[in-house]
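J.: Input target_12.cif, format and content: mmCIF, C-alpha atoms and all ligand atoms.
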data_target
loop_
_atom_site.label_atom_id
_atom_site.label_comp_id
_atom_site.auth_asym_id
_atom_site.auth_seq_id
_atom_site.Cartn_x
_atom_site.Cartn_y
_atom_site.Cartn_z
CA MET H 1174 53.65 66.96 78.60
CA LYS H 1175 50.08 68.09 78.12
CA LYS H 1176 49.87 70.93 75.59
CA GLY H 1177 48.53 74.33 76.62
CA ARG H 1178 45.22 75.68 75.36
CA ILE H 1179 44.70 78.52 72.92
CA PHE H 1180 42.21 81.24 73.88
CA VAL H 1181 41.29 83.86 71.31
CA ILE H 1182 39.79 87.00 72.83
CA ALA H 1183 38.19 89.60 70.58
CA GLY H 1184 35.57 92.32 70.66
CA PRO H 1185 34.98 95.84 69.40
CA SER H 1186 37.54 98.51 70.16
CA GLY H 1187 36.42 100.16 73.39
CA ALA H 1188 34.81 97.00 74.81
CA GLY H 1189 37.51 96.95 77.50
CA LYS H 1190 39.48 93.87 76.40
CA ASP H 1191 42.90 95.03 77.65
CA THR H 1192 41.78 95.92 81.17
CA LEU H 1193 39.63 92.83 81.45
CA ILE H 1194 42.38 90.46 80.34
CA LYS H 1195 45.00 92.06 82.59
CA ARG H 1196 42.64 91.80 85.57
CA ALA H 1197 41.58 88.23 84.79
CA ILE H 1198 45.08 86.79 84.40
CA GLU H 1199 46.57 88.36 87.54
CA ASP H 1200 46.60 85.09 89.46
CA LEU H 1201 46.73 82.70 86.53
CA ASN H 1202 49.63 81.06 84.76
CA VAL H 1203 48.65 82.14 81.25
CA ARG H 1204 50.77 83.70 78.53
CA LEU H 1205 49.67 86.67 76.48
CA SER H 1206 50.88 86.27 72.93
CA VAL H 1207 52.88 89.30 71.74
CA SER H 1208 51.74 90.21 68.24
CA ALA H 1209 53.85 91.85 65.57
CA THR H 1210 52.62 95.16 64.16
CA THR H 1211 53.57 97.90 61.73
CA ARG H 1212 51.86 100.47 63.99
CA LYS H 1213 54.17 102.95 65.72
CA PRO H 1214 54.51 102.52 69.49
CA ARG H 1215 52.31 104.72 71.69
CA PRO H 1216 53.88 106.49 74.66
CA GLY H 1217 54.68 103.92 77.34
CA GLU H 1218 54.55 100.91 75.04
CA VAL H 1219 57.58 98.62 75.09
CA ASP H 1220 58.88 96.67 72.11
CA GLY H 1221 58.69 92.94 72.79
CA ARG H 1222 56.26 93.38 75.69
CA ASP H 1223 53.23 95.14 74.19
CA TYR H 1224 53.98 94.32 70.55
CA ARG H 1225 56.90 93.54 68.32
CA PHE H 1226 57.06 96.83 66.45
CA LEU H 1227 58.24 96.15 62.90
CA SER H 1228 58.90 98.07 59.71
CA ASP H 1229 56.72 97.32 56.68
CA ARG H 1230 59.63 95.48 55.07
CA LYS H 1231 60.23 93.23 58.05
CA PHE H 1232 56.51 92.50 58.28
CA ASP H 1233 56.46 91.66 54.54
CA ARG H 1234 59.32 89.22 55.07
CA LEU H 1235 57.49 87.43 57.86
CA VAL H 1236 54.38 87.19 55.68
CA ALA H 1237 56.47 85.73 52.83
CA SER H 1238 58.11 83.17 55.10
CA GLU H 1239 54.69 82.12 56.44
CA ALA H 1240 55.68 82.99 59.99
CA PHE H 1241 52.15 84.15 60.87
CA LEU H 1242 49.31 82.00 62.11
CA GLU H 1243 47.11 84.87 60.94
CA TRP H 1244 47.57 88.53 60.14
CA LYS H 1245 45.18 91.36 59.31
CA ASP H 1246 45.02 94.99 58.39
CA VAL H 1247 43.28 96.62 61.35
CA TYR H 1248 42.41 100.32 61.18
CA GLY H 1249 45.21 100.98 58.66
CA ASN H 1250 48.06 99.04 60.29
CA ARG H 1251 49.04 95.41 60.03
CA TYR H 1252 48.98 93.06 63.02
CA GLY H 1253 49.92 89.41 63.10
CA THR H 1254 50.15 86.44 65.46
CA LEU H 1255 53.45 84.61 65.16
CA LYS H 1256 53.19 80.84 64.84
CA SER H 1257 56.38 80.42 66.90
CA ASP H 1258 54.98 82.47 69.77
CA VAL H 1259 51.89 80.29 70.11
CA GLU H 1260 53.72 77.01 69.46
CA ASP H 1261 56.43 77.73 72.07
CA ALA H 1262 53.84 78.48 74.74
CA ILE H 1263 51.54 75.54 74.17
CA SER H 1264 54.43 73.08 73.72
CA ALA H 1265 55.67 74.18 77.15
CA GLY H 1266 52.22 73.33 78.52
CA LEU H 1267 51.23 76.96 78.97
CA ASP H 1268 47.82 78.32 78.02
CA VAL H 1269 48.11 81.24 75.64
CA ILE H 1270 45.80 84.19 74.95
CA LEU H 1271 45.60 85.89 71.57
CA GLU H 1272 44.02 89.31 71.86
CA ILE H 1273 43.26 90.00 68.23
CA ASP H 1274 40.63 91.57 66.01
CA VAL H 1275 37.40 89.76 65.08
CA LYS H 1276 38.46 88.89 61.51
CA GLY H 1277 41.73 87.41 62.79
CA ALA H 1278 39.77 85.45 65.40
CA LEU H 1279 37.52 83.97 62.70
CA ASP H 1280 40.65 82.95 60.74
CA ILE H 1281 42.00 81.14 63.79
CA LYS H 1282 38.65 79.45 64.29
CA SER H 1283 38.82 77.96 60.80
CA ARG H 1284 42.50 76.93 61.13
CA VAL H 1285 42.95 75.85 64.72
CA GLU H 1286 40.24 73.46 65.72
CA GLU H 1287 41.01 73.43 69.42
CA ALA H 1288 41.07 77.23 69.82
CA ILE H 1289 38.52 78.60 72.30
CA LEU H 1290 36.92 81.85 71.14
CA VAL H 1291 35.83 84.41 73.72
CA PHE H 1292 33.98 87.58 72.73
CA ILE H 1293 33.97 90.70 74.89
CA MET H 1294 30.67 92.48 74.33
CA PRO H 1295 30.10 96.12 75.31
CA PRO H 1296 26.81 96.71 77.18
CA SER H 1297 25.50 98.83 74.27
CA MET H 1298 26.58 100.83 71.22
CA GLU H 1299 26.03 104.06 73.18
CA GLU H 1300 28.32 102.88 75.95
CA LEU H 1301 30.93 101.75 73.43
CA GLU H 1302 30.98 105.16 71.77
CA ALA H 1303 31.15 106.92 75.12
CA ARG H 1304 34.14 104.78 76.13
CA LEU H 1305 35.93 105.46 72.84
CA ARG H 1306 35.34 109.20 73.29
CA GLY H 1307 36.72 108.98 76.81
CA ARG H 1308 40.04 107.67 75.50
CA GLU H 1309 42.19 110.66 74.71
CA ALA H 1310 44.44 108.69 72.37
CA ASP H 1311 41.75 108.29 69.69
CA GLN H 1312 41.10 110.89 66.99
CA GLU H 1313 37.55 111.59 65.78
CA SER H 1314 38.25 109.75 62.49
CA GLU H 1315 39.52 106.71 64.43
CA ILE H 1316 36.43 106.71 66.64
CA LYS H 1317 34.27 106.74 63.51
CA THR H 1318 36.10 103.76 61.91
CA ARG H 1319 35.91 101.80 65.14
CA THR H 1320 32.20 102.46 65.78
CA GLU H 1321 31.26 101.74 62.15
CA ILE H 1322 32.61 98.19 62.24
CA ALA H 1323 31.34 97.45 65.77
CA PRO H 1324 27.80 96.28 64.82
CA TRP H 1325 29.25 93.69 62.40
CA GLU H 1326 31.77 92.59 65.04
CA MET H 1327 29.00 92.19 67.61
CA GLU H 1328 26.95 90.14 65.18
CA MET H 1329 29.94 87.84 64.60
CA GLY H 1330 30.44 87.61 68.35
CA GLU H 1331 26.90 86.30 68.82
CA LYS H 1332 27.06 83.95 65.85
CA GLU H 1333 30.58 82.58 65.77
CA PHE H 1334 32.10 82.75 69.25
CA GLU H 1335 31.62 79.99 71.82
CA ILE H 1336 31.68 82.31 74.80
CA VAL H 1337 30.32 85.86 75.10
CA ILE H 1338 31.12 88.01 78.12
CA VAL H 1339 29.18 91.26 78.53
CA ASN H 1340 31.49 93.88 79.99
CA ASP H 1341 28.94 95.94 81.90
CA ASP H 1342 30.73 95.59 85.21
CA ILE H 1343 34.49 95.16 85.17
CA ASP H 1344 34.73 93.06 88.35
CA LYS H 1345 31.98 90.71 87.27
CA ALA H 1346 33.29 90.40 83.71
CA ALA H 1347 36.90 89.83 84.87
CA GLY H 1348 35.64 87.16 87.27
CA GLU H 1349 33.79 85.39 84.45
CA LEU H 1350 36.86 85.51 82.21
CA ALA H 1351 39.17 84.28 84.99
CA MET H 1352 36.84 81.33 85.57
CA ILE H 1353 36.91 80.38 81.89
CA LEU H 1354 40.70 80.70 81.68
CA GLY H 1355 41.34 78.93 84.96
CA ARG H 1356 39.17 75.87 84.63
P1 LIG H 1401 45.84 98.59 69.07
O1 LIG H 1401 46.56 99.28 67.96
O2 LIG H 1401 44.79 99.47 69.67
O3 LIG H 1401 46.78 98.00 70.08
O4 LIG H 1401 45.08 97.35 68.43
C1 LIG H 1401 44.20 97.52 67.39
C2 LIG H 1401 43.49 96.22 67.10
O5 LIG H 1401 44.39 95.24 66.57
C3 LIG H 1401 42.82 95.56 68.30
O6 LIG H 1401 41.50 95.19 67.92
C4 LIG H 1401 43.66 94.33 68.54
O7 LIG H 1401 42.89 93.29 69.10
C5 LIG H 1401 44.10 93.99 67.13
N1 LIG H 1401 45.26 93.10 67.11
C6 LIG H 1401 46.34 93.13 67.91
N2 LIG H 1401 47.20 92.14 67.58
C7 LIG H 1401 46.64 91.45 66.56
C8 LIG H 1401 47.04 90.30 65.80
O8 LIG H 1401 48.09 89.69 65.99
N3 LIG H 1401 46.19 89.90 64.81
C9 LIG H 1401 45.02 90.53 64.54
N4 LIG H 1401 44.25 90.04 63.57
N5 LIG H 1401 44.61 91.61 65.25
C10 LIG H 1401 45.41 92.06 66.24
#
Could you spell out this file's structure in structure tokens?
Ligand code: 5GP
T.:
Amino acid sequence: MKKGRIFVIAGPSGAGKDTLIKRAIEDLNVRLSVSATTRKPRPGEVDGRDYRFLSDRKFDRLVASEAFLEWKDVYGNRYGTLKSDVEDAISAGLDVILEIDVKGALDIKSRVEEAILVFIMPPSMEELEARLRGREADQESEIKTRTEIAPWEMEMGEKEFEIVIVNDDIDKAAGELAMILGR
């Protein structure tokens, strides 16, 4: 059977990755990889669907047993892509999406030659900040951390990613992403 493809989708926090991905994969047969994290679940999040929510000790054990394709500390919590998750999907011929941070994406780029890197670019820094402020879940300190790293992330997006989608219009951007995933 033909193996599935690996898409890595990254971009600054607030660029609209979640909404865009959900919209783009509505009619596609693509799997979203479920990462493991030490972050506590937010209201409405389901273990095993949104993330695998793990204790620090369990996460440590997975790191020690080399279960992760990559893992990173992102805004004070650890997040990792499980090798088994990606392998199972692509071996079954399914395309898989990893929605991970920019540093994790660059790791995958250097380790998995066939991975396709897609960057979601906000229309501007001002717009990014406005979107982060519009999200009630984020504290002021979190907004600051996320906006501080965004210029570096955007530079990496331009330099290192094969595909850049500007999310200035959700319908247009979701259409572009769906075309890339579906072809
Ligand atoms: P959140 O806590 O808001 O769900 O995610 C915070 C950040 O962690 C996002 O930028 C998200 O893309 C990133 N992230 C989620 N899962 C992974 C993962 O498995 N690996 C890496 N490197 N980053 C991840």
J.: List as a ChimeraX atom specification the protein and nucleic acid residues near Ser1186 (chain H), meaning an atom at most 10 Å away when only C-alpha atoms are counted, but skip any in the same chain fewer than 4 places from it.
T.: /H:1190-1191,1274,1293,1295,1301-1302,1304-1305,1316,1318-1320,1322-1323,1326
J.: Produce a file of the selected residues containing C-alpha atoms, as a short mmCIF file (atom, residue, chain, number, x, y, z; two decimals), in the frame of the given file.
T.:
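Wrote it out as part-v8.cif, contents follow:
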data_model
loop_
_atom_site.label_atom_id
_atom_site.label_comp_id
_atom_site.auth_asym_id
_atom_site.auth_seq_id
_atom_site.Cartn_x
_atom_site.Cartn_y
_atom_site.Cartn_z
CA LYS H 1190 39.48 93.87 76.40
CA ASP H 1191 42.90 95.03 77.65
CA ASP H 1274 40.63 91.57 66.01
CA ILE H 1293 33.97 90.70 74.89
CA PRO H 1295 30.10 96.12 75.31
CA LEU H 1301 30.93 101.75 73.43
CA GLU H 1302 30.98 105.16 71.77
CA ARG H 1304 34.14 104.78 76.13
CA LEU H 1305 35.93 105.46 72.84
CA ILE H 1316 36.43 106.71 66.64
CA THR H 1318 36.10 103.76 61.91
CA ARG H 1319 35.91 101.80 65.14
CA THR H 1320 32.20 102.46 65.78
CA ILE H 1322 32.61 98.19 62.24
CA ALA H 1323 31.34 97.45 65.77
CA GLU H 1326 31.77 92.59 65.04
#
J.: When the cut-off is 7 Å and you count all atoms listed in the file, which residues lie near ligand LIG 1401 (chain H), shown as a list in words?
T.: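 With all atoms listed in the file and a cut-off of 7 Å, ligand LIG 1401 (chain H) is contacted by Ala1183, Pro1185, Ser1186, Ser1208, Ala1209, Arg1212, Glu1243, Trp1244, Lys1245, Val1247, Tyr1252, Gly1253, Thr1254, Glu1272, Ile1273, Asp1274, Lys1276, Gly1277 and Ala1278 of chain H.
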J.: Output C-alpha atoms for every residue in that selection, as a CSV table (one decimal), in the frame of the given file.
T.:
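Wrote it out as selection_5.csv, contents follow:
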chain,number,residue,atom,x,y,z
H,1183,ALA,CA,38.2,89.6,70.6
H,1185,PRO,CA,35.0,95.8,69.4
H,1186,SER,CA,37.5,98.5,70.2
H,1208,SER,CA,51.7,90.2,68.2
H,1209,ALA,CA,53.8,91.8,65.6
H,1212,ARG,CA,51.9,100.5,64.0
H,1243,GLU,CA,47.1,84.9,60.9
H,1244,TRP,CA,47.6,88.5,60.1
H,1245,LYS,CA,45.2,91.4,59.3
H,1247,VAL,CA,43.3,96.6,61.4
H,1252,TYR,CA,49.0,93.1,63.0
H,1253,GLY,CA,49.9,89.4,63.1
H,1254,THR,CA,50.2,86.4,65.5
H,1272,GLU,CA,44.0,89.3,71.9
H,1273,ILE,CA,43.3,90.0,68.2
H,1274,ASP,CA,40.6,91.6,66.0
H,1276,LYS,CA,38.5,88.9,61.5
H,1277,GLY,CA,41.7,87.4,62.8
H,1278,ALA,CA,39.8,85.4,65.4
J.: Put a box with edges along x, y and z around all the listed atoms of region 1297-1313 of chain H, pad it by 4 Å on each side, then give me its centre and sizes in Å, one decimal, as lines of an AutoDock Vina configuration file.
T.:
center_x = 35.0
center_y = 105.2
center_z = 71.3
size_x = 26.9
size_y = 20.8
size_z = 19.0
J.: Neighbours of region 1218-1227 of chain H within 12 Å (all atoms listed in the file; same-chain residues fewer than 2 positions away dropped), as a PDB file with C-alpha atoms, in the frame of the given file?
T.:
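Contents of part.pdb, as written:
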ATOM      1  CA  ASP H1191      42.900  95.030  77.650  1.00  0.00           C
ATOM      2  CA  ARG H1204      50.770  83.700  78.530  1.00  0.00           C
ATOM      3  CA  LEU H1205      49.670  86.670  76.480  1.00  0.00           C
ATOM      4  CA  SER H1206      50.880  86.270  72.930  1.00  0.00           C
ATOM      5  CA  VAL H1207      52.880  89.300  71.740  1.00  0.00           C
ATOM      6  CA  SER H1208      51.740  90.210  68.240  1.00  0.00           C
ATOM      7  CA  ALA H1209      53.850  91.850  65.570  1.00  0.00           C
ATOM      8  CA  THR H1210      52.620  95.160  64.160  1.00  0.00           C
ATOM      9  CA  THR H1211      53.570  97.900  61.730  1.00  0.00           C
ATOM     10  CA  ARG H1212      51.860 100.470  63.990  1.00  0.00           C
ATOM     11  CA  LYS H1213      54.170 102.950  65.720  1.00  0.00           C
ATOM     12  CA  PRO H1214      54.510 102.520  69.490  1.00  0.00           C
ATOM     13  CA  ARG H1215      52.310 104.720  71.690  1.00  0.00           C
ATOM     14  CA  PRO H1216      53.880 106.490  74.660  1.00  0.00           C
ATOM     15  CA  ASP H1229      56.720  97.320  56.680  1.00  0.00           C
ATOM     16  CA  ARG H1230      59.630  95.480  55.070  1.00  0.00           C
ATOM     17  CA  LYS H1231      60.230  93.230  58.050  1.00  0.00           C
ATOM     18  CA  PHE H1232      56.510  92.500  58.280  1.00  0.00           C
ATOM     19  CA  ASP H1233      56.460  91.660  54.540  1.00  0.00           C
ATOM     20  CA  ARG H1234      59.320  89.220  55.070  1.00  0.00           C
ATOM     21  CA  LEU H1235      57.490  87.430  57.860  1.00  0.00           C
ATOM     22  CA  ASN H1250      48.060  99.040  60.290  1.00  0.00           C
ATOM     23  CA  ARG H1251      49.040  95.410  60.030  1.00  0.00           C
ATOM     24  CA  TYR H1252      48.980  93.060  63.020  1.00  0.00           C
ATOM     25  CA  GLY H1253      49.920  89.410  63.100  1.00  0.00           C
ATOM     26  CA  THR H1254      50.150  86.440  65.460  1.00  0.00           C
ATOM     27  CA  LEU H1255      53.450  84.610  65.160  1.00  0.00           C
ATOM     28  CA  ASP H1258      54.980  82.470  69.770  1.00  0.00           C
ATOM     29  CA  LEU H1271      45.600  85.890  71.570  1.00  0.00           C
ATOM     30  CA  GLU H1272      44.020  89.310  71.860  1.00  0.00           C
ATOM     31  CA  ILE H1273      43.260  90.000  68.230  1.00  0.00           C
TER      32      ILE H1273
END
J.: Just how far from CA of Ala1237 (chain H) is CA of Leu1290 (chain H), in Å to one decimal?
T.: 27.1 Å
J.: Please indicate the distance in Å from CA of Asp1342 (chain H) to CA of Leu1354 (chain H), rounded to one decimal place.
T.: 18.3 Å
J.: Separation of CA of Ile1289 (chain H) and CA of Lys1345 (chain H), in Å?
T.: 20.3 Å
J.: Would you fill out region 1311-1322 of chain H with all heavy atoms and return it as a compact mmCIF listing (two decimals), in the coordinates of the input?
T.:
# COMPACT_ATOMS: atom_id res chain seq x y z
N ASP H 1311 42.43 108.49 70.98
CA ASP H 1311 41.75 108.29 69.69
C ASP H 1311 41.28 109.60 69.04
O ASP H 1311 40.64 110.42 69.68
CB ASP H 1311 40.54 107.36 69.88
CG ASP H 1311 40.97 105.98 70.36
OD1 ASP H 1311 42.17 105.66 70.24
OD2 ASP H 1311 40.11 105.24 70.84
N GLN H 1312 41.59 109.75 67.77
CA GLN H 1312 41.10 110.89 66.99
C GLN H 1312 39.65 110.63 66.60
O GLN H 1312 39.20 109.50 66.58
CB GLN H 1312 41.89 111.00 65.68
CG GLN H 1312 43.39 111.03 65.83
CD GLN H 1312 43.87 112.41 66.20
OE1 GLN H 1312 43.22 113.39 65.86
NE2 GLN H 1312 44.98 112.50 66.89
N GLU H 1313 38.95 111.72 66.20
CA GLU H 1313 37.55 111.59 65.78
C GLU H 1313 37.40 110.59 64.62
O GLU H 1313 36.50 109.75 64.62
CB GLU H 1313 37.03 112.97 65.35
CG GLU H 1313 35.53 113.07 65.16
CD GLU H 1313 34.71 112.63 66.36
OE1 GLU H 1313 35.09 112.94 67.50
OE2 GLU H 1313 33.67 111.95 66.15
N SER H 1314 38.34 110.65 63.64
CA SER H 1314 38.25 109.75 62.49
C SER H 1314 38.42 108.29 62.93
O SER H 1314 37.77 107.39 62.41
CB SER H 1314 39.29 110.11 61.44
OG SER H 1314 40.58 110.01 62.00
N GLU H 1315 39.30 108.07 63.91
CA GLU H 1315 39.52 106.71 64.43
C GLU H 1315 38.27 106.20 65.13
O GLU H 1315 37.86 105.06 64.98
CB GLU H 1315 40.67 106.68 65.43
CG GLU H 1315 42.03 106.77 64.80
CD GLU H 1315 43.13 106.75 65.85
OE1 GLU H 1315 42.96 106.09 66.90
OE2 GLU H 1315 44.15 107.42 65.63
N ILE H 1316 37.64 107.10 65.91
CA ILE H 1316 36.43 106.71 66.64
C ILE H 1316 35.36 106.28 65.64
O ILE H 1316 34.67 105.28 65.82
CB ILE H 1316 35.92 107.88 67.52
CG1 ILE H 1316 36.95 108.18 68.61
CG2 ILE H 1316 34.55 107.57 68.13
CD1 ILE H 1316 36.63 109.36 69.49
N LYS H 1317 35.27 107.03 64.54
CA LYS H 1317 34.27 106.74 63.51
C LYS H 1317 34.53 105.34 62.90
O LYS H 1317 33.61 104.52 62.82
CB LYS H 1317 34.33 107.82 62.42
CG LYS H 1317 33.17 107.79 61.47
CD LYS H 1317 33.03 109.12 60.72
CE LYS H 1317 31.94 109.02 59.68
NZ LYS H 1317 32.40 108.43 58.42
N THR H 1318 35.78 105.07 62.51
CA THR H 1318 36.10 103.76 61.91
C THR H 1318 35.75 102.64 62.89
O THR H 1318 35.21 101.61 62.50
CB THR H 1318 37.63 103.65 61.64
OG1 THR H 1318 38.13 104.91 61.27
CG2 THR H 1318 37.94 102.62 60.62
N ARG H 1319 36.10 102.85 64.15
CA ARG H 1319 35.91 101.80 65.14
C ARG H 1319 34.43 101.56 65.45
O ARG H 1319 34.02 100.42 65.68
CB ARG H 1319 36.69 102.12 66.41
CG ARG H 1319 38.16 101.92 66.19
CD ARG H 1319 39.05 102.63 67.17
NE ARG H 1319 40.40 102.70 66.65
CZ ARG H 1319 41.47 102.25 67.25
NH1 ARG H 1319 41.39 101.73 68.45
NH2 ARG H 1319 42.65 102.33 66.68
N THR H 1320 33.63 102.66 65.47
CA THR H 1320 32.20 102.46 65.78
C THR H 1320 31.45 101.91 64.55
O THR H 1320 30.47 101.20 64.70
CB THR H 1320 31.51 103.75 66.26
OG1 THR H 1320 31.93 104.83 65.45
CG2 THR H 1320 31.83 104.06 67.69
N GLU H 1321 31.95 102.23 63.36
CA GLU H 1321 31.26 101.74 62.15
C GLU H 1321 31.32 100.22 62.03
O GLU H 1321 30.36 99.59 61.60
CB GLU H 1321 31.89 102.38 60.90
CG GLU H 1321 31.18 103.65 60.51
CD GLU H 1321 31.89 104.43 59.41
OE1 GLU H 1321 32.88 103.92 58.84
OE2 GLU H 1321 31.43 105.54 59.13
N ILE H 1322 32.46 99.65 62.40
CA ILE H 1322 32.61 98.19 62.24
C ILE H 1322 32.03 97.41 63.43
O ILE H 1322 31.76 96.21 63.33
CB ILE H 1322 34.10 97.80 61.98
CG1 ILE H 1322 34.17 96.39 61.43
CG2 ILE H 1322 34.95 98.02 63.21
CD1 ILE H 1322 35.54 95.89 61.07
